[in-house]
Amino acid sequence: MSDTYRILSHGPEFMVIHNAGVTVGVYNTEREAQLTVEDCERDDFMLQTARSLVDVAVEAQMRLHHTDRRTAHDWIREAAD
């Protein structure tokens, strides 16, 4: 388990808490809580990967068309929709 999420016993239930202080959910079993943590970590990794790819695309757009970051980002976002 990463340091981003933690599982706390809460009476007969188990809470998954994000380090930002947000409760992700409350589960009947520790196994359910652990599966949720794994899903959240997988989603976090996918988001991190997507952001990295967007950053590379924005940088390439800036170089190719001699634009500022905001303009390049807007074009990449437009193309992705």
# chains A, B, ... in the order shown; residues from 1 in each chain; ligands from 1
$ residues_around --residues "His73 in chain A" --least-positions-apart "4" --cutoff "8 Å" --atoms "only C-alpha atoms" --output "MDAnalysis selection string"
chainID A and resid 58 69 77
$ write_last_selection --atoms "all heavy atoms" --output "PDB file, in the first residue's frame"
ATOM      1  N   VAL A  58       1.933  19.152 -25.170  1.00  0.00           N
ATOM      2  CA  VAL A  58       1.923  20.619 -25.088  1.00  0.00           C
ATOM      3  C   VAL A  58       3.296  21.176 -25.442  1.00  0.00           C
ATOM      4  O   VAL A  58       3.412  22.144 -26.212  1.00  0.00           O
ATOM      5  CB  VAL A  58       1.461  21.093 -23.690  1.00  0.00           C
ATOM      6  CG1 VAL A  58       1.734  22.581 -23.488  1.00  0.00           C
ATOM      7  CG2 VAL A  58      -0.013  20.789 -23.485  1.00  0.00           C
ATOM      8  N   ARG A  69       2.424  28.341 -23.607  1.00  0.00           N
ATOM      9  CA  ARG A  69       1.898  27.107 -23.001  1.00  0.00           C
ATOM     10  C   ARG A  69       0.371  27.076 -22.998  1.00  0.00           C
ATOM     11  O   ARG A  69      -0.232  26.060 -23.313  1.00  0.00           O
ATOM     12  CB  ARG A  69       2.424  26.957 -21.576  1.00  0.00           C
ATOM     13  CG  ARG A  69       1.893  25.730 -20.848  1.00  0.00           C
ATOM     14  CD  ARG A  69       2.639  25.438 -19.586  1.00  0.00           C
ATOM     15  NE  ARG A  69       3.974  24.939 -19.838  1.00  0.00           N
ATOM     16  CZ  ARG A  69       4.245  23.693 -20.238  1.00  0.00           C
ATOM     17  NH1 ARG A  69       3.286  22.832 -20.430  1.00  0.00           N
ATOM     18  NH2 ARG A  69       5.487  23.315 -20.436  1.00  0.00           N
ATOM     19  N   ARG A  77      -6.152  20.255 -25.788  1.00  0.00           N
ATOM     20  CA  ARG A  77      -7.454  19.928 -25.186  1.00  0.00           C
ATOM     21  C   ARG A  77      -8.542  19.860 -26.251  1.00  0.00           C
ATOM     22  O   ARG A  77      -9.379  18.952 -26.251  1.00  0.00           O
ATOM     23  CB  ARG A  77      -7.813  20.948 -24.113  1.00  0.00           C
ATOM     24  CG  ARG A  77      -9.108  20.569 -23.391  1.00  0.00           C
ATOM     25  CD  ARG A  77      -9.495  21.495 -22.268  1.00  0.00           C
ATOM     26  NE  ARG A  77      -9.377  22.880 -22.651  1.00  0.00           N
ATOM     27  CZ  ARG A  77      -8.773  23.810 -21.914  1.00  0.00           C
ATOM     28  NH1 ARG A  77      -8.235  23.493 -20.766  1.00  0.00           N
ATOM     29  NH2 ARG A  77      -8.712  25.049 -22.335  1.00  0.00           N
TER      30      ARG A  77
END
$ select_by_dssp --residues "chain A" --states "strand (DSSP E or B)" --output "list of chain:residue names"
A:Tyr5, A:Arg6, A:Ile7, A:Leu8, A:Ser9, A:His10, A:Glu13, A:Phe14, A:Met15, A:Val16, A:Ile17, A:His18, A:Thr23, A:Val24, A:Gly25, A:Val26, A:Tyr27
$ select_by_dssp --residues "chain A" --states "alpha helix (DSSP H)" --output "PyMOL selection string"
chain A and resi 30-65+69-80
$ write_last_selection --atoms "N, CA and C atoms" --output "CSV table (one decimal), in the first residue's frame"
chain,number,residue,atom,x,y,z
A,30,GLU,N,-11.9,-5.6,5.6
A,30,GLU,CA,-10.6,-5.1,5.3
A,30,GLU,C,-10.2,-5.4,3.9
A,31,ARG,N,-10.7,-6.5,3.4
A,31,ARG,CA,-10.4,-6.9,2.0
A,31,ARG,C,-11.0,-5.9,1.0
A,32,GLU,N,-12.2,-5.5,1.3
A,32,GLU,CA,-12.9,-4.6,0.4
A,32,GLU,C,-12.2,-3.2,0.4
A,33,ALA,N,-11.7,-2.8,1.6
A,33,ALA,CA,-11.0,-1.6,1.7
A,33,ALA,C,-9.7,-1.7,1.0
A,34,GLN,N,-9.0,-2.8,1.1
A,34,GLN,CA,-7.7,-3.0,0.4
A,34,GLN,C,-7.9,-2.9,-1.1
A,35,LEU,N,-9.0,-3.6,-1.6
A,35,LEU,CA,-9.3,-3.5,-3.1
A,35,LEU,C,-9.5,-2.1,-3.5
A,36,THR,N,-10.2,-1.3,-2.7
A,36,THR,CA,-10.5,0.1,-3.0
A,36,THR,C,-9.2,0.9,-3.1
A,37,VAL,N,-8.3,0.6,-2.2
A,37,VAL,CA,-6.9,1.3,-2.2
A,37,VAL,C,-6.2,1.0,-3.5
A,38,GLU,N,-6.2,-0.3,-3.8
A,38,GLU,CA,-5.5,-0.7,-5.1
A,38,GLU,C,-6.2,-0.1,-6.3
A,39,ASP,N,-7.5,0.0,-6.3
A,39,ASP,CA,-8.2,0.7,-7.4
A,39,ASP,C,-7.8,2.2,-7.5
A,40,CYS,N,-7.8,2.8,-6.3
A,40,CYS,CA,-7.4,4.3,-6.3
A,40,CYS,C,-6.0,4.5,-6.7
A,41,GLU,N,-5.1,3.6,-6.3
A,41,GLU,CA,-3.7,3.7,-6.7
A,41,GLU,C,-3.5,3.5,-8.2
A,42,ARG,N,-4.3,2.6,-8.8
A,42,ARG,CA,-4.2,2.4,-10.2
A,42,ARG,C,-4.7,3.6,-11.0
A,43,ASP,N,-5.9,4.1,-10.5
A,43,ASP,CA,-6.4,5.4,-11.1
A,43,ASP,C,-5.4,6.5,-11.0
A,44,ASP,N,-4.8,6.7,-9.8
A,44,ASP,CA,-3.8,7.8,-9.6
A,44,ASP,C,-2.7,7.6,-10.6
A,45,PHE,N,-2.2,6.4,-10.8
A,45,PHE,CA,-1.1,6.1,-11.8
A,45,PHE,C,-1.6,6.5,-13.2
A,46,MET,N,-2.8,6.1,-13.6
A,46,MET,CA,-3.3,6.4,-14.9
A,46,MET,C,-3.4,7.9,-15.1
A,47,LEU,N,-3.9,8.6,-14.1
A,47,LEU,CA,-3.9,10.1,-14.2
A,47,LEU,C,-2.6,10.7,-14.4
A,48,GLN,N,-1.6,10.2,-13.6
A,48,GLN,CA,-0.2,10.7,-13.7
A,48,GLN,C,0.3,10.5,-15.1
A,49,THR,N,0.1,9.3,-15.6
A,49,THR,CA,0.6,9.0,-17.0
A,49,THR,C,-0.1,9.9,-18.0
A,50,ALA,N,-1.4,10.1,-17.9
A,50,ALA,CA,-2.1,10.9,-18.8
A,50,ALA,C,-1.6,12.4,-18.8
A,51,ARG,N,-1.4,12.9,-17.6
A,51,ARG,CA,-0.8,14.2,-17.4
A,51,ARG,C,0.5,14.4,-18.0
A,52,SER,N,1.4,13.3,-17.9
A,52,SER,CA,2.7,13.4,-18.4
A,52,SER,C,2.6,13.4,-20.0
A,53,LEU,N,1.7,12.6,-20.5
A,53,LEU,CA,1.5,12.6,-22.0
A,53,LEU,C,1.0,13.9,-22.5
A,54,VAL,N,0.1,14.5,-21.8
A,54,VAL,CA,-0.4,15.9,-22.2
A,54,VAL,C,0.7,16.9,-22.1
A,55,ASP,N,1.6,16.8,-21.1
A,55,ASP,CA,2.7,17.8,-21.0
A,55,ASP,C,3.6,17.6,-22.1
A,56,VAL,N,3.9,16.4,-22.5
A,56,VAL,CA,4.8,16.2,-23.7
A,56,VAL,C,4.2,16.7,-25.0
A,57,ALA,N,2.9,16.5,-25.1
A,57,ALA,CA,2.2,17.0,-26.3
A,57,ALA,C,2.1,18.5,-26.3
A,58,VAL,N,1.9,19.2,-25.2
A,58,VAL,CA,1.9,20.6,-25.1
A,58,VAL,C,3.3,21.2,-25.4
A,59,GLU,N,4.3,20.6,-24.9
A,59,GLU,CA,5.7,21.0,-25.2
A,59,GLU,C,6.0,20.9,-26.7
A,60,ALA,N,5.6,19.8,-27.3
A,60,ALA,CA,5.8,19.6,-28.8
A,60,ALA,C,5.0,20.7,-29.6
A,61,GLN,N,3.8,20.9,-29.2
A,61,GLN,CA,2.9,22.0,-29.8
A,61,GLN,C,3.6,23.3,-29.7
A,62,MET,N,4.1,23.6,-28.5
A,62,MET,CA,4.8,24.9,-28.3
A,62,MET,C,5.9,25.1,-29.3
A,63,ARG,N,6.8,24.0,-29.4
A,63,ARG,CA,7.9,24.1,-30.2
A,63,ARG,C,7.6,24.2,-31.7
A,64,LEU,N,6.6,23.4,-32.1
A,64,LEU,CA,6.2,23.3,-33.5
A,64,LEU,C,5.6,24.6,-34.0
A,65,HIS,N,4.8,25.2,-33.2
A,65,HIS,CA,4.0,26.4,-33.6
A,65,HIS,C,4.4,27.7,-32.9
A,69,ARG,N,2.4,28.3,-23.6
A,69,ARG,CA,1.9,27.1,-23.0
A,69,ARG,C,0.4,27.1,-23.0
A,70,ARG,N,-0.3,28.2,-22.6
A,70,ARG,CA,-1.7,28.2,-22.5
A,70,ARG,C,-2.4,27.9,-23.9
A,71,THR,N,-1.9,28.6,-24.9
A,71,THR,CA,-2.4,28.3,-26.3
A,71,THR,C,-2.2,26.9,-26.7
A,72,ALA,N,-1.0,26.4,-26.5
A,72,ALA,CA,-0.7,25.0,-26.9
A,72,ALA,C,-1.6,24.1,-26.1
A,73,HIS,N,-1.8,24.3,-24.9
A,73,HIS,CA,-2.6,23.4,-24.0
A,73,HIS,C,-4.1,23.5,-24.6
A,74,ASP,N,-4.6,24.7,-24.9
A,74,ASP,CA,-5.9,24.8,-25.4
A,74,ASP,C,-6.1,24.0,-26.7
A,75,TRP,N,-5.1,24.0,-27.6
A,75,TRP,CA,-5.2,23.2,-28.8
A,75,TRP,C,-5.2,21.7,-28.6
A,76,ILE,N,-4.3,21.3,-27.6
A,76,ILE,CA,-4.3,19.9,-27.3
A,76,ILE,C,-5.6,19.4,-26.7
A,77,ARG,N,-6.2,20.3,-25.8
A,77,ARG,CA,-7.5,19.9,-25.2
A,77,ARG,C,-8.5,19.9,-26.3
A,78,GLU,N,-8.5,20.8,-27.2
A,78,GLU,CA,-9.5,20.8,-28.3
A,78,GLU,C,-9.4,19.5,-29.1
A,79,ALA,N,-8.2,19.1,-29.4
A,79,ALA,CA,-8.0,17.9,-30.2
A,79,ALA,C,-8.4,16.7,-29.5
A,80,ALA,N,-8.3,16.7,-28.1
A,80,ALA,CA,-8.6,15.5,-27.3
A,80,ALA,C,-10.1,15.3,-27.2
$ residues_around --residues "range 17-22 of chain A" --least-positions-apart "6" --cutoff "8 Å" --atoms "only C-alpha atoms" --output "NGL selection string"
:A and (3-8)
$ decode --residues "range 18-54 of chain A" --atoms "N, CA, C and O atoms" --output "PDB file, in the first residue's frame"
ATOM      1  N   HIS A  18      -7.762   9.199   2.203  1.00  0.00           N
ATOM      2  CA  HIS A  18      -6.698   9.785   1.390  1.00  0.00           C
ATOM      3  C   HIS A  18      -5.906  10.719   2.296  1.00  0.00           C
ATOM      4  O   HIS A  18      -6.459  11.316   3.220  1.00  0.00           O
ATOM      5  N   ASN A  19      -4.613  10.857   2.048  1.00  0.00           N
ATOM      6  CA  ASN A  19      -3.771  11.704   2.903  1.00  0.00           C
ATOM      7  C   ASN A  19      -4.212  13.159   2.930  1.00  0.00           C
ATOM      8  O   ASN A  19      -3.854  13.891   3.849  1.00  0.00           O
ATOM      9  N   ALA A  20      -4.989  13.586   1.943  1.00  0.00           N
ATOM     10  CA  ALA A  20      -5.509  14.954   1.941  1.00  0.00           C
ATOM     11  C   ALA A  20      -6.622  15.114   2.975  1.00  0.00           C
ATOM     12  O   ALA A  20      -7.149  16.203   3.165  1.00  0.00           O
ATOM     13  N   GLY A  21      -6.983  14.005   3.647  1.00  0.00           N
ATOM     14  CA  GLY A  21      -8.013  14.058   4.674  1.00  0.00           C
ATOM     15  C   GLY A  21      -9.392  13.672   4.193  1.00  0.00           C
ATOM     16  O   GLY A  21     -10.355  13.718   4.955  1.00  0.00           O
ATOM     17  N   VAL A  22      -9.509  13.283   2.944  1.00  0.00           N
ATOM     18  CA  VAL A  22     -10.797  12.925   2.363  1.00  0.00           C
ATOM     19  C   VAL A  22     -11.076  11.448   2.605  1.00  0.00           C
ATOM     20  O   VAL A  22     -10.214  10.593   2.390  1.00  0.00           O
ATOM     21  N   THR A  23     -12.284  11.138   3.068  1.00  0.00           N
ATOM     22  CA  THR A  23     -12.694   9.746   3.211  1.00  0.00           C
ATOM     23  C   THR A  23     -13.102   9.227   1.845  1.00  0.00           C
ATOM     24  O   THR A  23     -14.016   9.767   1.211  1.00  0.00           O
ATOM     25  N   VAL A  24     -12.424   8.189   1.388  1.00  0.00           N
ATOM     26  CA  VAL A  24     -12.731   7.587   0.093  1.00  0.00           C
ATOM     27  C   VAL A  24     -13.975   6.725   0.218  1.00  0.00           C
ATOM     28  O   VAL A  24     -14.838   6.728  -0.653  1.00  0.00           O
ATOM     29  N   GLY A  25     -14.069   5.979   1.310  1.00  0.00           N
ATOM     30  CA  GLY A  25     -15.229   5.126   1.522  1.00  0.00           C
ATOM     31  C   GLY A  25     -15.124   4.351   2.815  1.00  0.00           C
ATOM     32  O   GLY A  25     -14.082   4.320   3.467  1.00  0.00           O
ATOM     33  N   VAL A  26     -16.247   3.726   3.182  1.00  0.00           N
ATOM     34  CA  VAL A  26     -16.332   2.884   4.370  1.00  0.00           C
ATOM     35  C   VAL A  26     -16.781   1.506   3.904  1.00  0.00           C
ATOM     36  O   VAL A  26     -17.746   1.395   3.139  1.00  0.00           O
ATOM     37  N   TYR A  27     -16.095   0.456   4.376  1.00  0.00           N
ATOM     38  CA  TYR A  27     -16.313  -0.896   3.866  1.00  0.00           C
ATOM     39  C   TYR A  27     -16.518  -1.876   5.011  1.00  0.00           C
ATOM     40  O   TYR A  27     -16.039  -1.669   6.125  1.00  0.00           O
ATOM     41  N   ASN A  28     -17.228  -2.951   4.698  1.00  0.00           N
ATOM     42  CA  ASN A  28     -17.543  -3.966   5.705  1.00  0.00           C
ATOM     43  C   ASN A  28     -16.358  -4.843   6.056  1.00  0.00           C
ATOM     44  O   ASN A  28     -16.288  -5.368   7.160  1.00  0.00           O
ATOM     45  N   THR A  29     -15.451  -5.038   5.096  1.00  0.00           N
ATOM     46  CA  THR A  29     -14.296  -5.903   5.351  1.00  0.00           C
ATOM     47  C   THR A  29     -13.003  -5.179   5.000  1.00  0.00           C
ATOM     48  O   THR A  29     -12.992  -4.257   4.170  1.00  0.00           O
ATOM     49  N   GLU A  30     -11.935  -5.628   5.622  1.00  0.00           N
ATOM     50  CA  GLU A  30     -10.625  -5.056   5.314  1.00  0.00           C
ATOM     51  C   GLU A  30     -10.238  -5.364   3.875  1.00  0.00           C
ATOM     52  O   GLU A  30      -9.584  -4.558   3.214  1.00  0.00           O
ATOM     53  N   ARG A  31     -10.651  -6.521   3.376  1.00  0.00           N
ATOM     54  CA  ARG A  31     -10.351  -6.902   1.990  1.00  0.00           C
ATOM     55  C   ARG A  31     -10.999  -5.927   1.007  1.00  0.00           C
ATOM     56  O   ARG A  31     -10.377  -5.509   0.031  1.00  0.00           O
ATOM     57  N   GLU A  32     -12.247  -5.544   1.252  1.00  0.00           N
ATOM     58  CA  GLU A  32     -12.915  -4.566   0.388  1.00  0.00           C
ATOM     59  C   GLU A  32     -12.167  -3.231   0.411  1.00  0.00           C
ATOM     60  O   GLU A  32     -11.989  -2.593  -0.629  1.00  0.00           O
ATOM     61  N   ALA A  33     -11.746  -2.837   1.588  1.00  0.00           N
ATOM     62  CA  ALA A  33     -10.995  -1.589   1.724  1.00  0.00           C
ATOM     63  C   ALA A  33      -9.680  -1.675   0.964  1.00  0.00           C
ATOM     64  O   ALA A  33      -9.288  -0.730   0.269  1.00  0.00           O
ATOM     65  N   GLN A  34      -8.981  -2.807   1.086  1.00  0.00           N
ATOM     66  CA  GLN A  34      -7.707  -2.991   0.389  1.00  0.00           C
ATOM     67  C   GLN A  34      -7.897  -2.948  -1.125  1.00  0.00           C
ATOM     68  O   GLN A  34      -7.103  -2.337  -1.840  1.00  0.00           O
ATOM     69  N   LEU A  35      -8.967  -3.575  -1.622  1.00  0.00           N
ATOM     70  CA  LEU A  35      -9.254  -3.534  -3.065  1.00  0.00           C
ATOM     71  C   LEU A  35      -9.525  -2.106  -3.534  1.00  0.00           C
ATOM     72  O   LEU A  35      -9.103  -1.709  -4.622  1.00  0.00           O
ATOM     73  N   THR A  36     -10.192  -1.324  -2.707  1.00  0.00           N
ATOM     74  CA  THR A  36     -10.451   0.075  -3.042  1.00  0.00           C
ATOM     75  C   THR A  36      -9.153   0.862  -3.113  1.00  0.00           C
ATOM     76  O   THR A  36      -8.954   1.665  -4.030  1.00  0.00           O
ATOM     77  N   VAL A  37      -8.256   0.625  -2.152  1.00  0.00           N
ATOM     78  CA  VAL A  37      -6.949   1.303  -2.174  1.00  0.00           C
ATOM     79  C   VAL A  37      -6.215   0.953  -3.462  1.00  0.00           C
ATOM     80  O   VAL A  37      -5.660   1.832  -4.129  1.00  0.00           O
ATOM     81  N   GLU A  38      -6.231  -0.319  -3.833  1.00  0.00           N
ATOM     82  CA  GLU A  38      -5.550  -0.736  -5.064  1.00  0.00           C
ATOM     83  C   GLU A  38      -6.171  -0.070  -6.286  1.00  0.00           C
ATOM     84  O   GLU A  38      -5.446   0.377  -7.188  1.00  0.00           O
ATOM     85  N   ASP A  39      -7.495   0.029  -6.322  1.00  0.00           N
ATOM     86  CA  ASP A  39      -8.175   0.712  -7.436  1.00  0.00           C
ATOM     87  C   ASP A  39      -7.791   2.188  -7.481  1.00  0.00           C
ATOM     88  O   ASP A  39      -7.519   2.736  -8.558  1.00  0.00           O
ATOM     89  N   CYS A  40      -7.763   2.832  -6.332  1.00  0.00           N
ATOM     90  CA  CYS A  40      -7.403   4.257  -6.271  1.00  0.00           C
ATOM     91  C   CYS A  40      -5.962   4.478  -6.723  1.00  0.00           C
ATOM     92  O   CYS A  40      -5.683   5.428  -7.465  1.00  0.00           O
ATOM     93  N   GLU A  41      -5.064   3.609  -6.292  1.00  0.00           N
ATOM     94  CA  GLU A  41      -3.660   3.739  -6.693  1.00  0.00           C
ATOM     95  C   GLU A  41      -3.510   3.536  -8.194  1.00  0.00           C
ATOM     96  O   GLU A  41      -2.744   4.251  -8.849  1.00  0.00           O
ATOM     97  N   ARG A  42      -4.254   2.585  -8.763  1.00  0.00           N
ATOM     98  CA  ARG A  42      -4.212   2.354 -10.206  1.00  0.00           C
ATOM     99  C   ARG A  42      -4.743   3.581 -10.953  1.00  0.00           C
ATOM    100  O   ARG A  42      -4.153   4.037 -11.929  1.00  0.00           O
ATOM    101  N   ASP A  43      -5.855   4.142 -10.457  1.00  0.00           N
ATOM    102  CA  ASP A  43      -6.418   5.354 -11.071  1.00  0.00           C
ATOM    103  C   ASP A  43      -5.447   6.529 -10.972  1.00  0.00           C
ATOM    104  O   ASP A  43      -5.289   7.294 -11.928  1.00  0.00           O
ATOM    105  N   ASP A  44      -4.797   6.684  -9.821  1.00  0.00           N
ATOM    106  CA  ASP A  44      -3.816   7.757  -9.645  1.00  0.00           C
ATOM    107  C   ASP A  44      -2.673   7.619 -10.641  1.00  0.00           C
ATOM    108  O   ASP A  44      -2.207   8.608 -11.222  1.00  0.00           O
ATOM    109  N   PHE A  45      -2.217   6.381 -10.844  1.00  0.00           N
ATOM    110  CA  PHE A  45      -1.122   6.143 -11.794  1.00  0.00           C
ATOM    111  C   PHE A  45      -1.564   6.459 -13.219  1.00  0.00           C
ATOM    112  O   PHE A  45      -0.814   7.071 -13.991  1.00  0.00           O
ATOM    113  N   MET A  46      -2.796   6.061 -13.567  1.00  0.00           N
ATOM    114  CA  MET A  46      -3.305   6.365 -14.906  1.00  0.00           C
ATOM    115  C   MET A  46      -3.411   7.870 -15.120  1.00  0.00           C
ATOM    116  O   MET A  46      -3.063   8.376 -16.190  1.00  0.00           O
ATOM    117  N   LEU A  47      -3.860   8.603 -14.111  1.00  0.00           N
ATOM    118  CA  LEU A  47      -3.949  10.057 -14.215  1.00  0.00           C
ATOM    119  C   LEU A  47      -2.566  10.681 -14.358  1.00  0.00           C
ATOM    120  O   LEU A  47      -2.359  11.576 -15.186  1.00  0.00           O
ATOM    121  N   GLN A  48      -1.615  10.200 -13.573  1.00  0.00           N
ATOM    122  CA  GLN A  48      -0.245  10.713 -13.659  1.00  0.00           C
ATOM    123  C   GLN A  48       0.329  10.466 -15.056  1.00  0.00           C
ATOM    124  O   GLN A  48       0.971  11.359 -15.632  1.00  0.00           O
ATOM    125  N   THR A  49       0.093   9.294 -15.610  1.00  0.00           N
ATOM    126  CA  THR A  49       0.570   8.972 -16.952  1.00  0.00           C
ATOM    127  C   THR A  49      -0.074   9.891 -17.988  1.00  0.00           C
ATOM    128  O   THR A  49       0.608  10.436 -18.859  1.00  0.00           O
ATOM    129  N   ALA A  50      -1.386  10.076 -17.886  1.00  0.00           N
ATOM    130  CA  ALA A  50      -2.092  10.938 -18.834  1.00  0.00           C
ATOM    131  C   ALA A  50      -1.583  12.373 -18.753  1.00  0.00           C
ATOM    132  O   ALA A  50      -1.374  13.025 -19.791  1.00  0.00           O
ATOM    133  N   ARG A  51      -1.363  12.859 -17.558  1.00  0.00           N
ATOM    134  CA  ARG A  51      -0.840  14.226 -17.406  1.00  0.00           C
ATOM    135  C   ARG A  51       0.547  14.359 -18.022  1.00  0.00           C
ATOM    136  O   ARG A  51       0.859  15.378 -18.647  1.00  0.00           O
ATOM    137  N   SER A  52       1.366  13.342 -17.853  1.00  0.00           N
ATOM    138  CA  SER A  52       2.708  13.364 -18.448  1.00  0.00           C
ATOM    139  C   SER A  52       2.618  13.391 -19.968  1.00  0.00           C
ATOM    140  O   SER A  52       3.369  14.124 -20.629  1.00  0.00           O
ATOM    141  N   LEU A  53       1.711  12.600 -20.523  1.00  0.00           N
ATOM    142  CA  LEU A  53       1.543  12.587 -21.979  1.00  0.00           C
ATOM    143  C   LEU A  53       1.046  13.931 -22.498  1.00  0.00           C
ATOM    144  O   LEU A  53       1.513  14.419 -23.529  1.00  0.00           O
ATOM    145  N   VAL A  54       0.113  14.538 -21.784  1.00  0.00           N
ATOM    146  CA  VAL A  54      -0.388  15.859 -22.180  1.00  0.00           C
ATOM    147  C   VAL A  54       0.744  16.882 -22.120  1.00  0.00           C
ATOM    148  O   VAL A  54       0.897  17.706 -23.030  1.00  0.00           O
TER     149      VAL A  54
END
